[in-house]
>>> print(open('run.txt').read())   # compact mmCIF, C-alpha atoms
# COMPACT_ATOMS: atom_id res chain seq x y z
CA MET A 10 20.68 2.72 25.73
CA ASN A 11 20.93 6.10 24.02
CA SER A 12 23.71 7.58 26.03
CA GLY A 13 27.33 8.43 25.61
CA PRO A 14 29.60 8.05 22.63
CA TRP A 15 27.98 4.75 21.67
CA ALA A 16 24.73 6.45 20.61
CA VAL A 17 26.58 9.04 18.53
CA ASN A 18 28.59 6.30 16.93
CA LYS A 19 25.48 4.35 16.04
CA THR A 20 23.81 7.42 14.54
CA THR A 21 26.90 8.22 12.50
CA GLN A 22 26.88 4.66 11.29
CA THR A 23 23.23 4.88 10.20
CA ILE A 24 23.81 8.18 8.44
CA SER A 25 26.89 6.95 6.58
CA LYS A 26 25.04 3.80 5.51
CA LEU A 27 22.21 5.95 4.18
CA LEU A 28 24.64 8.22 2.37
CA ILE A 29 26.43 5.30 0.72
CA ALA A 30 23.10 3.79 -0.33
CA ALA A 31 22.02 7.11 -1.82
CA ILE A 32 25.26 7.46 -3.81
CA VAL A 33 25.11 3.87 -5.10
CA TRP A 34 21.47 4.42 -6.04
CA TYR A 35 22.26 7.63 -7.91
CA ILE A 36 25.16 6.12 -9.86
CA ALA A 37 23.15 3.03 -10.77
CA TYR A 38 20.24 5.17 -11.94
CA THR A 39 22.46 7.44 -14.03
CA ILE A 40 24.44 4.76 -15.86
CA LEU A 41 21.43 2.51 -16.38
CA GLN A 42 20.36 3.68 -19.82
CA PRO A 43 23.78 3.72 -21.54
CA PHE A 44 24.66 0.45 -19.85
CA THR A 45 21.53 -1.43 -20.92
CA GLU A 46 21.80 -0.11 -24.47
CA PHE A 47 25.37 -1.31 -24.58
CA LEU A 48 24.21 -4.68 -23.24
CA ALA A 49 21.37 -5.08 -25.76
CA PHE A 50 22.97 -3.72 -28.90
CA ASP A 51 26.69 -4.35 -28.41
CA VAL A 52 27.02 -7.37 -26.14
CA LEU A 53 23.94 -9.28 -27.35
CA ARG A 54 24.39 -7.82 -30.86
CA LEU A 55 20.68 -7.20 -31.39
CA ALA A 56 19.79 -4.87 -34.23
CA ARG A 57 18.51 -1.40 -33.28
CA GLY A 58 14.95 -0.90 -34.45
CA SER A 59 14.30 -4.64 -34.82
CA HIS A 60 11.32 -6.19 -32.99
CA LEU A 61 13.52 -8.33 -30.78
CA GLY A 62 16.14 -5.62 -30.20
CA GLU A 63 13.57 -3.04 -29.09
CA SER A 64 11.77 -5.52 -26.84
CA VAL A 65 14.95 -6.70 -25.14
CA ALA A 66 16.34 -3.17 -24.69
CA PHE A 67 13.00 -2.06 -23.21
CA PHE A 68 13.01 -4.98 -20.79
CA LEU A 69 16.65 -4.64 -19.73
CA TYR A 70 16.24 -0.94 -19.02
CA ASP A 71 12.81 -0.90 -17.40
CA VAL A 72 13.17 -3.73 -14.88
CA PRO A 73 16.13 -2.26 -12.95
CA LYS A 74 14.81 1.28 -13.38
CA ILE A 75 11.46 0.40 -11.81
CA LEU A 76 13.10 -1.61 -9.02
CA LEU A 77 15.43 1.31 -8.22
CA LEU A 78 12.57 3.81 -8.17
CA LEU A 79 10.47 1.43 -6.13
CA SER A 80 13.16 1.01 -3.46
CA ALA A 81 13.67 4.76 -3.13
CA MET A 82 9.94 5.48 -3.01
CA ILE A 83 9.15 2.78 -0.46
CA PHE A 84 12.00 3.98 1.72
CA LEU A 85 10.71 7.56 1.71
CA ILE A 86 7.02 6.74 2.16
CA THR A 87 7.83 4.35 5.02
CA ILE A 88 9.79 7.06 6.80
CA VAL A 89 6.76 9.35 6.43
CA ARG A 90 4.43 6.57 7.57
CA THR A 91 6.35 5.98 10.79
CA PHE A 92 5.04 9.38 11.86
CA PHE A 93 1.47 8.25 11.33
CA SER A 94 -0.44 5.34 12.76
CA ALA A 95 -4.05 4.26 12.63
CA GLU A 96 -4.40 5.57 16.20
CA ARG A 97 -2.97 8.96 15.34
CA THR A 98 -5.07 9.24 12.18
CA ARG A 99 -8.16 8.47 14.20
CA ARG A 100 -7.26 11.23 16.61
CA LEU A 101 -6.65 13.67 13.75
CA LEU A 102 -10.01 12.84 12.22
CA GLY A 103 -11.98 13.01 15.46
CA GLY A 104 -14.53 15.82 15.50
CA ARG A 105 -13.92 16.92 11.91
CA ARG A 106 -16.88 18.11 9.92
CA VAL A 107 -18.09 16.34 6.79
CA GLY A 108 -16.27 17.86 3.81
CA ILE A 109 -13.06 18.93 5.55
CA GLY A 110 -13.12 15.55 7.28
CA ASN A 111 -13.39 13.73 3.95
CA VAL A 112 -10.52 15.67 2.42
CA LEU A 113 -8.32 15.05 5.44
CA ALA A 114 -9.31 11.37 5.61
CA ALA A 115 -8.42 10.84 1.94
CA MET A 116 -5.01 12.48 2.41
CA LEU A 117 -4.32 10.54 5.59
CA GLY A 118 -5.17 7.42 3.59
CA ILE A 119 -1.91 7.93 1.71
CA VAL A 120 0.39 8.36 4.72
CA THR A 121 -1.18 5.98 7.22
CA PRO A 122 0.23 2.46 7.13
CA PHE A 123 -2.68 0.32 6.01
CA CYS A 124 -3.11 -3.34 5.22
CA SER A 125 -6.46 -4.56 3.98
CA CYS A 126 -6.40 -7.29 6.65
CA SER A 127 -6.71 -4.52 9.24
CA ALA A 128 -9.72 -2.96 7.52
CA VAL A 129 -12.18 -4.42 10.05
CA PRO A 130 -10.57 -3.28 13.33
CA LEU A 131 -9.80 0.04 11.69
CA PHE A 132 -13.39 0.51 10.59
CA ILE A 133 -14.68 -0.34 14.06
CA GLY A 134 -12.14 1.92 15.73
CA PHE A 135 -13.04 4.87 13.50
CA VAL A 136 -16.81 4.48 13.69
CA GLU A 137 -16.76 3.82 17.45
CA SER A 138 -14.84 7.00 18.15
CA GLY A 139 -17.54 9.01 16.39
CA ILE A 140 -15.91 9.62 13.03
CA PRO A 141 -18.79 9.93 10.51
CA LEU A 142 -19.36 6.94 8.23
CA GLY A 143 -18.67 8.97 5.08
CA VAL A 144 -15.34 10.24 6.44
CA THR A 145 -14.37 6.68 7.41
CA PHE A 146 -15.13 5.59 3.85
CA SER A 147 -13.03 8.36 2.36
CA PHE A 148 -10.12 6.87 4.30
CA LEU A 149 -10.98 3.27 3.42
CA ILE A 150 -11.16 4.14 -0.29
CA ALA A 151 -8.06 6.34 -0.51
CA ALA A 152 -5.78 3.95 1.38
CA PRO A 153 -5.85 1.11 -1.18
CA VAL A 154 -6.64 3.20 -4.30
CA ILE A 155 -3.57 5.39 -3.95
CA ASN A 156 -0.94 2.70 -3.92
CA GLU A 157 2.75 3.53 -3.70
CA VAL A 158 3.79 0.69 -6.00
CA ALA A 159 1.31 1.88 -8.63
CA PHE A 160 2.58 5.41 -8.17
CA VAL A 161 6.19 4.37 -8.83
CA LEU A 162 5.27 2.37 -11.91
CA LEU A 163 3.23 5.24 -13.34
CA PHE A 164 6.06 7.64 -12.58
CA GLY A 165 8.68 5.36 -14.11
CA LEU A 166 6.73 4.41 -17.22
CA PHE A 167 4.62 7.52 -17.92
CA GLY A 168 6.34 10.41 -16.13
CA TRP A 169 5.44 12.60 -13.18
CA LYS A 170 2.39 14.26 -14.76
CA ILE A 171 0.46 11.02 -15.06
CA ALA A 172 1.62 9.89 -11.62
CA ALA A 173 0.38 13.16 -10.12
CA LEU A 174 -2.87 12.86 -12.03
CA TYR A 175 -3.32 9.37 -10.61
CA VAL A 176 -2.90 10.61 -7.03
CA ALA A 177 -5.17 13.60 -7.63
CA SER A 178 -7.93 11.51 -9.13
CA GLY A 179 -7.58 8.85 -6.41
CA LEU A 180 -8.03 11.58 -3.80
CA THR A 181 -11.00 13.05 -5.65
CA ILE A 182 -12.69 9.67 -5.95
CA ALA A 183 -12.17 8.96 -2.24
CA ILE A 184 -13.46 12.39 -1.19
CA ILE A 185 -16.53 12.37 -3.44
CA ALA A 186 -17.48 8.75 -2.82
CA GLY A 187 -17.10 9.32 0.94
CA ILE A 188 -19.30 12.42 0.85
CA ILE A 189 -21.98 10.59 -1.17
CA ILE A 190 -21.95 7.59 1.19
CA GLY A 191 -22.15 10.01 4.13
CA GLN A 192 -25.13 11.87 2.61
CA LEU A 193 -27.04 8.61 2.08
CA HIS A 194 -27.15 8.03 5.88
CA LEU A 195 -26.51 4.33 5.73
CA GLU A 196 -25.56 3.81 9.38
CA ARG A 197 -28.30 1.19 9.70
CA TYR A 198 -26.44 -0.99 7.21
CA VAL A 199 -23.41 -1.28 9.42
CA GLU A 200 -23.56 -4.62 11.25
CA ASP A 201 -25.20 -4.11 14.65
CA PHE A 202 -22.38 -5.60 16.69
CA VAL A 203 -20.09 -2.79 15.53
CA TRP A 204 -22.07 -0.24 17.53
CA GLN A 205 -21.86 -2.39 20.66
CA MET A 206 -18.10 -2.80 20.61
CA GLN A 207 -16.10 -1.64 23.58
CA VAL A 208 -12.93 -0.09 22.26
CA GLY A 209 -10.04 0.12 24.69
CA ALA A 210 -7.76 3.09 25.05
CA ALA A 211 -5.20 2.99 22.31
CA GLN A 212 -1.59 3.77 22.80
CA ASP A 213 0.35 5.27 20.02
CA ASP A 214 4.11 5.23 19.65
CA SER A 215 4.28 6.91 16.23
CA LEU A 216 5.78 10.09 17.67
CA LYS A 217 8.10 8.38 20.14
CA LEU A 218 10.21 6.41 17.68
CA THR A 219 13.83 7.35 17.21
CA TRP A 220 15.27 8.07 13.76
CA GLU A 221 17.22 4.83 14.05
CA GLU A 222 13.98 2.90 14.38
CA ARG A 223 12.28 4.79 11.56
CA ILE A 224 15.19 4.11 9.21
CA THR A 225 15.34 0.45 10.22
CA ARG A 226 11.63 0.09 9.49
CA ALA A 227 12.09 1.76 6.12
CA TRP A 228 14.86 -0.71 5.18
CA GLU A 229 12.63 -3.58 6.27
CA ALA A 230 9.73 -2.26 4.19
CA VAL A 231 11.94 -1.89 1.10
CA ARG A 232 13.19 -5.46 1.51
CA ASP A 233 9.72 -6.92 2.14
CA ILE A 234 7.93 -5.12 -0.69
CA VAL A 235 10.65 -5.62 -3.29
CA LYS A 236 10.74 -9.30 -2.36
CA LYS A 237 6.98 -9.46 -2.81
CA VAL A 238 6.65 -7.62 -6.13
CA TRP A 239 9.87 -8.08 -8.10
CA LEU A 240 8.63 -11.12 -9.96
CA TYR A 241 5.42 -9.34 -10.99
CA VAL A 242 7.50 -6.39 -12.18
CA VAL A 243 9.67 -8.71 -14.26
CA ILE A 244 6.72 -10.59 -15.77
CA GLY A 245 4.68 -7.42 -16.34
CA ILE A 246 7.56 -5.66 -18.06
CA ALA A 247 8.37 -8.78 -20.11
CA VAL A 248 4.80 -8.87 -21.45
CA GLY A 249 4.86 -5.10 -21.89
CA ALA A 250 8.17 -5.36 -23.75
CA GLY A 251 6.70 -8.00 -26.05
CA ILE A 252 3.75 -5.74 -26.84
CA HIS A 253 6.11 -2.79 -27.25
CA GLY A 254 8.23 -4.58 -29.83
CA TYR A 255 5.68 -6.70 -31.69
CA VAL A 256 2.16 -5.26 -31.63
CA PRO A 257 1.65 -2.71 -34.40
CA THR A 258 1.01 0.88 -33.32
CA ASP A 259 -2.67 1.84 -33.12
CA ALA A 260 -3.77 -1.79 -33.14
CA LEU A 261 -5.87 -1.08 -30.07
CA ALA A 262 -7.21 2.36 -30.98
CA GLU A 263 -10.54 0.92 -32.12
CA VAL A 264 -11.31 -1.13 -29.02
CA MET A 265 -9.59 0.83 -26.29
CA GLY A 266 -9.23 4.28 -27.81
CA LYS A 267 -11.02 7.50 -26.92
CA SER A 268 -13.61 7.12 -29.65
CA ALA A 269 -14.85 3.88 -28.12
CA TRP A 270 -17.08 5.43 -25.40
CA TRP A 271 -18.08 2.07 -23.98
CA SER A 272 -14.52 1.08 -23.24
CA VAL A 273 -14.38 2.92 -19.88
CA PRO A 274 -17.28 1.11 -18.14
CA ILE A 275 -16.20 -2.20 -19.65
CA ALA A 276 -12.66 -1.69 -18.40
CA VAL A 277 -14.03 -1.03 -14.90
CA LEU A 278 -16.36 -4.03 -15.05
CA ILE A 279 -13.46 -6.28 -15.98
CA GLY A 280 -11.19 -4.62 -13.46
CA VAL A 281 -13.34 -4.94 -10.33
CA PRO A 282 -13.32 -8.73 -9.95
CA LEU A 283 -9.79 -8.96 -11.25
CA TYR A 284 -7.44 -9.02 -8.31
CA SER A 285 -4.06 -8.38 -9.74
CA ASN A 286 -1.34 -6.26 -8.36
CA ALA A 287 -0.26 -2.97 -9.74
CA ALA A 288 3.31 -4.11 -10.19
CA GLY A 289 2.44 -6.64 -12.86
CA MET A 290 -0.34 -4.76 -14.56
CA ILE A 291 0.90 -1.24 -15.11
CA PRO A 292 3.75 -2.20 -17.49
CA ILE A 293 1.21 -4.04 -19.63
CA VAL A 294 -1.18 -1.10 -19.53
CA SER A 295 1.64 1.25 -20.47
CA ALA A 296 2.41 -0.83 -23.55
CA LEU A 297 -1.30 -0.92 -24.45
CA ILE A 298 -1.45 2.88 -24.31
CA GLU A 299 1.46 3.11 -26.67
CA LYS A 300 -0.56 0.98 -29.08
CA GLY A 301 -3.59 3.24 -29.09
CA ALA A 302 -5.49 2.53 -25.87
CA SER A 303 -6.58 5.77 -24.24
CA LEU A 304 -5.16 6.87 -20.92
CA GLY A 305 -8.53 7.45 -19.26
CA THR A 306 -9.67 3.94 -20.06
CA ALA A 307 -6.39 2.49 -18.86
CA LEU A 308 -6.39 4.49 -15.61
CA ALA A 309 -10.01 3.57 -14.89
CA PHE A 310 -9.10 -0.06 -15.40
CA MET A 311 -6.12 0.15 -13.06
CA MET A 312 -8.02 1.95 -10.32
CA ALA A 313 -10.82 -0.60 -10.51
CA VAL A 314 -8.30 -3.41 -10.14
CA ILE A 315 -6.33 -1.81 -7.30
CA GLY A 316 -9.09 0.01 -5.43
CA LEU A 317 -11.99 -2.39 -5.58
CA SER A 318 -10.61 -5.77 -4.80
CA LEU A 319 -12.73 -8.78 -4.00
CA PRO A 320 -10.70 -9.84 -0.93
CA GLU A 321 -11.11 -6.43 0.67
CA THR A 322 -14.83 -6.43 -0.03
CA ILE A 323 -15.13 -9.85 1.59
CA ILE A 324 -13.23 -8.61 4.64
CA LEU A 325 -15.49 -5.54 4.90
CA ARG A 326 -18.59 -7.73 4.66
CA ARG A 327 -17.90 -8.68 8.30
CA VAL A 328 -18.82 -5.18 9.41
CA LEU A 329 -21.09 -3.99 6.58
CA LYS A 330 -24.45 -5.39 5.57
CA PRO A 331 -24.77 -6.42 1.90
CA GLN A 332 -26.72 -3.25 1.04
CA LEU A 333 -23.84 -1.04 2.15
CA ILE A 334 -21.31 -3.24 0.33
CA VAL A 335 -23.32 -2.74 -2.87
CA VAL A 336 -23.47 1.04 -2.35
CA PHE A 337 -19.74 1.15 -1.58
CA VAL A 338 -18.72 -0.81 -4.68
CA GLY A 339 -21.28 1.02 -6.84
CA VAL A 340 -20.32 4.53 -5.79
CA VAL A 341 -16.60 3.89 -6.15
CA ALA A 342 -17.05 2.17 -9.53
CA LEU A 343 -19.15 5.08 -10.75
CA ALA A 344 -16.57 7.60 -9.54
CA ILE A 345 -13.83 5.68 -11.33
CA ILE A 346 -15.86 5.55 -14.57
CA LEU A 347 -16.43 9.31 -14.44
CA THR A 348 -12.72 9.88 -13.83
CA GLY A 349 -11.94 7.71 -16.85
CA TYR A 350 -14.22 9.84 -19.04
CA LEU A 351 -12.75 13.02 -17.60
CA PHE A 352 -9.23 11.91 -18.52
CA ASN A 353 -10.29 10.90 -22.01
CA LEU A 354 -11.85 14.32 -22.41
CA VAL A 355 -8.92 16.31 -21.04
CA ILE A 356 -5.95 14.48 -22.50
CA MET B 22 4.09 -17.24 33.75
CA LEU B 23 4.53 -14.89 30.85
CA SER B 24 1.43 -14.40 28.74
CA ILE B 25 1.86 -13.51 25.08
CA LYS B 26 -1.14 -12.78 22.90
CA VAL B 27 -1.01 -12.33 19.16
CA LEU B 28 -3.93 -10.22 17.98
CA GLY B 29 -5.11 -10.69 14.42
CA SER B 30 -7.93 -11.87 12.24
CA GLY B 31 -5.95 -14.81 10.88
CA CYS B 32 -4.04 -13.07 8.12
CA ALA B 33 -0.66 -14.26 6.85
CA ASN B 34 1.24 -11.64 8.84
CA CYS B 35 -0.54 -12.70 12.04
CA HIS B 36 0.67 -16.28 11.58
CA LYS B 37 4.17 -14.98 10.95
CA VAL B 38 4.14 -13.04 14.22
CA GLU B 39 2.84 -16.08 16.09
CA ALA B 40 5.66 -18.24 14.71
CA LEU B 41 8.22 -15.57 15.59
CA ALA B 42 6.87 -15.29 19.14
CA LYS B 43 7.20 -19.06 19.59
CA GLN B 44 10.73 -18.91 18.23
CA ALA B 45 11.64 -16.05 20.57
CA VAL B 46 10.29 -17.91 23.59
CA THR B 47 12.22 -21.05 22.70
CA GLN B 48 15.37 -19.03 22.11
CA LEU B 49 15.11 -17.30 25.47
CA GLY B 50 14.14 -20.52 27.21
CA VAL B 51 11.33 -18.86 29.16
CA GLN B 52 7.99 -20.29 30.17
CA ALA B 53 5.26 -18.54 28.24
CA ASN B 54 1.68 -19.07 27.27
CA ILE B 55 1.27 -17.99 23.64
CA GLU B 56 -2.28 -17.39 22.55
CA THR B 57 -3.77 -16.22 19.27
CA VAL B 58 -6.69 -13.84 19.67
CA THR B 59 -9.01 -13.61 16.68
CA ASP B 60 -12.14 -12.37 18.42
CA MET B 61 -12.75 -8.83 17.22
CA GLN B 62 -14.20 -7.63 20.54
CA ALA B 63 -11.11 -8.93 22.35
CA ILE B 64 -8.80 -7.25 19.83
CA MET B 65 -10.68 -3.97 20.07
CA SER B 66 -10.65 -4.05 23.88
CA TYR B 67 -6.89 -3.54 23.66
CA GLY B 68 -7.49 -0.49 21.47
CA VAL B 69 -5.62 -2.12 18.60
CA MET B 70 -6.75 -0.99 15.14
CA SER B 71 -3.96 -2.38 13.03
CA THR B 72 -3.15 -6.06 13.20
CA PRO B 73 -1.04 -8.06 13.85
CA GLY B 74 -0.67 -6.83 17.39
CA ILE B 75 1.43 -8.28 20.21
CA VAL B 76 0.31 -8.12 23.83
CA ILE B 77 2.70 -9.25 26.56
CA ASN B 78 1.29 -9.55 30.09
CA ASP B 79 -1.75 -7.51 29.01
CA LYS B 80 0.34 -4.65 27.65
CA VAL B 81 0.27 -3.80 23.93
CA VAL B 82 3.88 -3.80 22.73
CA SER B 83 3.53 -3.79 18.94
CA THR B 84 0.83 -3.12 16.36
CA GLY B 85 0.44 -3.22 12.61
CA ARG B 86 3.73 -4.81 11.71
CA VAL B 87 5.79 -7.97 11.77
CA PRO B 88 8.73 -7.16 14.03
CA ALA B 89 12.06 -8.92 13.57
CA LEU B 90 12.82 -11.88 15.82
CA SER B 91 15.42 -9.84 17.72
CA GLN B 92 12.84 -7.12 18.37
CA ILE B 93 10.39 -9.66 19.79
CA THR B 94 13.02 -11.13 22.10
CA THR B 95 13.76 -7.60 23.33
CA MET B 96 10.05 -7.05 23.97
CA ILE B 97 9.92 -10.26 26.01
CA THR B 98 13.04 -9.54 28.04
CA THR B 99 11.78 -6.01 28.76
CA ALA B 100 8.48 -7.46 29.98
CA LEU B 101 10.33 -9.92 32.22
CA GLN B 102 12.27 -7.20 34.01
>>> encode(input="run.txt", output="structure tokens")
Amino acid sequence: MNSGPWAVNKTTQTISKLLIAAIVWYIAYTILQPFTEFLAFDVLRLARGSHLGESVAFFLYDVPKILLLLSAMIFLITIVRTFFSAERTRRLLGGRRVGIGNVLAAMLGIVTPFCSCSAVPLFIGFVESGIPLGVTFSFLIAAPVINEVAFVLLFGLFGWKIAALYVASGLTIAIIAGIIIGQLHLERYVEDFVWQMQVGAAQDDSLKLTWEERITRAWEAVRDIVKKVWLYVVIGIAVGAGIHGYVPTDALAEVMGKSAWWSVPIAVLIGVPLYSNAAGMIPIVSALIEKGASLGTALAFMMAVIGLSLPETIILRRVLKPQLIVVFVGVVALAIILTGYLFNLVI
Amino acid sequence: MLSIKVLGSGCANCHKVEALAKQAVTQLGVQANIETVTDMQAIMSYGVMSTPGIVINDKVVSTGRVPALSQITTMITTALQ
């Protein structure tokens, strides 16, 4: 199939398509701000500085900006992820010591394709091949906590520093929580059948794919994820825009500000059972911060919502006894609370 | 007869793959036995850690993703050769 002029032709075609997409993306991103301002203030004739004008301008600019950033980010991360697979990650983690193993597991959690519906076979596969429980948990925590959609929204709405801080604290939480769970020696709280599983030899095609296939998968991922989250982005930014334009500045400083020490644990407590997606929530959180909520509290809330979801806990219950579920949720919640305080202290 | 197994714990993507496999079989007009495998031991025995997985004639051909219909038909025709 990959022979002769046909293959070259096909590759050229893929490359030119990519190039055109990149140029269109760049132009759209560059003209977005002047264009949306023109739309809000000249075409719709809204007054600059008015509640409605500011809200509408915010909305018109942020929705396409986030969707553009999201498409680019998903494309890139999917390309990276085609080089990793659960099978390859398992091989990379095999025989690693606690500590190094946890760090590596947390980082692989970012680049390994992961869907919470695969959490059970993944858990069994890891534990069966002798990867320590704590290292397995570092992976299982990092994979959902560090979410690419959340990363894009934080980057688009807060800038790269906050986005980097989010990734760094997600990694730290996954590493520390994994080490703690490992030190507690809770193997007896893994359901017994897990230890009796016969795991077949896995085959792994992550290194055999052609660039064509990797790029095709990246396009598919962009299409699927944008289709899944665009409505949440629109609704989230609409609510955020409303808050941005109408809620007075510092209205929330008392309840969600730094001085309210109790706000971090409460934010986490509310966040854990709440199963929302990052796409809809972060724009709202960003508007709340503008109105006096502190960043640490907001980040703790978001991580609790994204990282500790009820559906995933229910899925994991199939392989973990209730005691271990409690420890897992407790340790991660505690780590998130501490991170929230740390952020409030530092920033 | 061709044997197609869809491995998965019953998630939305697993159902999607199952529907696509049925569609592919109808499109190709081949005789195939499509089976959904939800038993974890059975899934693990194929060494599959990310679902949905597709097994054709006891060979794992796809894991952890929902392939396009055209990709599934290619997998089936390759298996038939």
>>> closest_residue(input="run.txt", among="B:Leu41, B:Met96, B:Met61, B:Leu28", to="Thr84 (chain B)", atoms="all atoms listed in the file")
B:Leu28
>>> axis_aligned_box(input="run.txt", around="region 50-63 of chain B", padding_each_side="8 Å", output="lines of an AutoDock Vina configuration file")
center_x = 0.0
center_y = -14.1
center_z = 23.4
size_x = 44.3
size_y = 28.9
size_z = 29.5
>>> atom_distance(input="run.txt", atom1="CA of Ser64 (chain A)", atom2="CA of Leu79 (chain A)")
21.9 Å
>>> residues_near_point(input="run.txt", point="(-9.2, -1.3, -10.9)", cutoff="12 Å", atoms="all atoms listed in the file", output="PyMOL selection string")
chain A and resi 153-156+159+179+273-287+290-291+294+306-319+338+341-346+349
>>> closest_residue(input="run.txt", among="B:Thr59, B:Asn78, B:Thr47, B:Thr98", to="Ile25 (chain B)", atoms="only C-alpha atoms")
B:Asn78
>>> residues_near_point(input="run.txt", point="(8.4, -17.4, 15.7)", cutoff="12 Å", atoms="all atoms listed in the file", output="NGL selection string")
:B and (27 or 34-49 or 55 or 87-94)
>>> closest_atom_pairs(input="run.txt", of="chain A", to="chain B", cutoff="9 Å", atoms="all atoms listed in the file", output="Markdown table")
| residue | atom | partner | partner_atom | distance |
| --- | --- | --- | --- | --- |
| A:Ser94 | CA | B:Ser71 | CA | 8.5 |
| A:Ala95 | CA | B:Met70 | CA | 6.4 |
| A:Glu96 | CA | B:Met70 | CA | 7.0 |
| A:Pro122 | CA | B:Gly85 | CA | 7.9 |
| A:Phe123 | CA | B:Ser71 | CA | 7.6 |
| A:Cys124 | CA | B:Ser71 | CA | 7.9 |
| A:Cys126 | CA | B:Cys32 | CA | 6.4 |
| A:Ser127 | CA | B:Ser71 | CA | 5.1 |
| A:Ala128 | CA | B:Ser71 | CA | 8.0 |
| A:Val129 | CA | B:Met70 | CA | 8.2 |
| A:Pro130 | CA | B:Met70 | CA | 4.8 |
| A:Leu131 | CA | B:Met70 | CA | 4.7 |
| A:Phe132 | CA | B:Met70 | CA | 8.2 |
| A:Ile133 | CA | B:Met70 | CA | 8.0 |
| A:Gly134 | CA | B:Met70 | CA | 6.2 |
| A:Phe135 | CA | B:Met70 | CA | 8.8 |
| A:Met206 | CA | B:Gln62 | CA | 6.2 |
| A:Gln207 | CA | B:Ser66 | CA | 6.0 |
| A:Val208 | CA | B:Ser66 | CA | 4.8 |
| A:Gly209 | CA | B:Gly68 | CA | 4.2 |
| A:Ala210 | CA | B:Gly68 | CA | 5.1 |
| A:Ala211 | CA | B:Gly68 | CA | 4.2 |
| A:Gln212 | CA | B:Gly68 | CA | 7.4 |
>>> atom_distance(input="run.txt", atom1="CA of Arg197 (chain A)", atom2="CA of Leu142 (chain A)")
10.7 Å
>>> residues_around(input="run.txt", residues="region 32-37 of chain A", least_positions_apart="4", cutoff="9 Å", atoms="only C-alpha atoms", output="list in words")
Leu27, Leu28, Leu41, Lys74, Leu77 and Ala81 of chain A
>>> residues_around(input="run.txt", residues="Gly108 (chain A)", least_positions_apart="4", cutoff="8 Å", atoms="only C-alpha atoms", output="NGL selection string")
:A and (112 or 184 or 188)
>>> closest_residue(input="run.txt", among="A:Arg327, A:Lys267, A:Arg100, A:Lys170", to="Gly305 (chain A)", atoms="only C-alpha atoms")
A:Lys267
>>> closest_residue(input="run.txt", among="A:Phe164, A:Phe68, A:Tyr241, A:Tyr198", to="Gln42 (chain A)", atoms="all atoms listed in the file")
A:Phe68
>>> atom_distance(input="run.txt", atom1="CA of Thr20 (chain A)", atom2="CA of Glu221 (chain A)")
7.1 Å
>>> closest_residue(input="run.txt", among="A:Ile224, A:Leu297, A:Leu162, A:Ala230", to="Met265 (chain A)", atoms="only C-alpha atoms")
A:Leu297
>>> closest_residue(input="run.txt", among="A:Trp220, A:Phe67, A:Phe160, A:Phe202", to="Met82 (chain A)", atoms="all atoms listed in the file")
A:Phe160
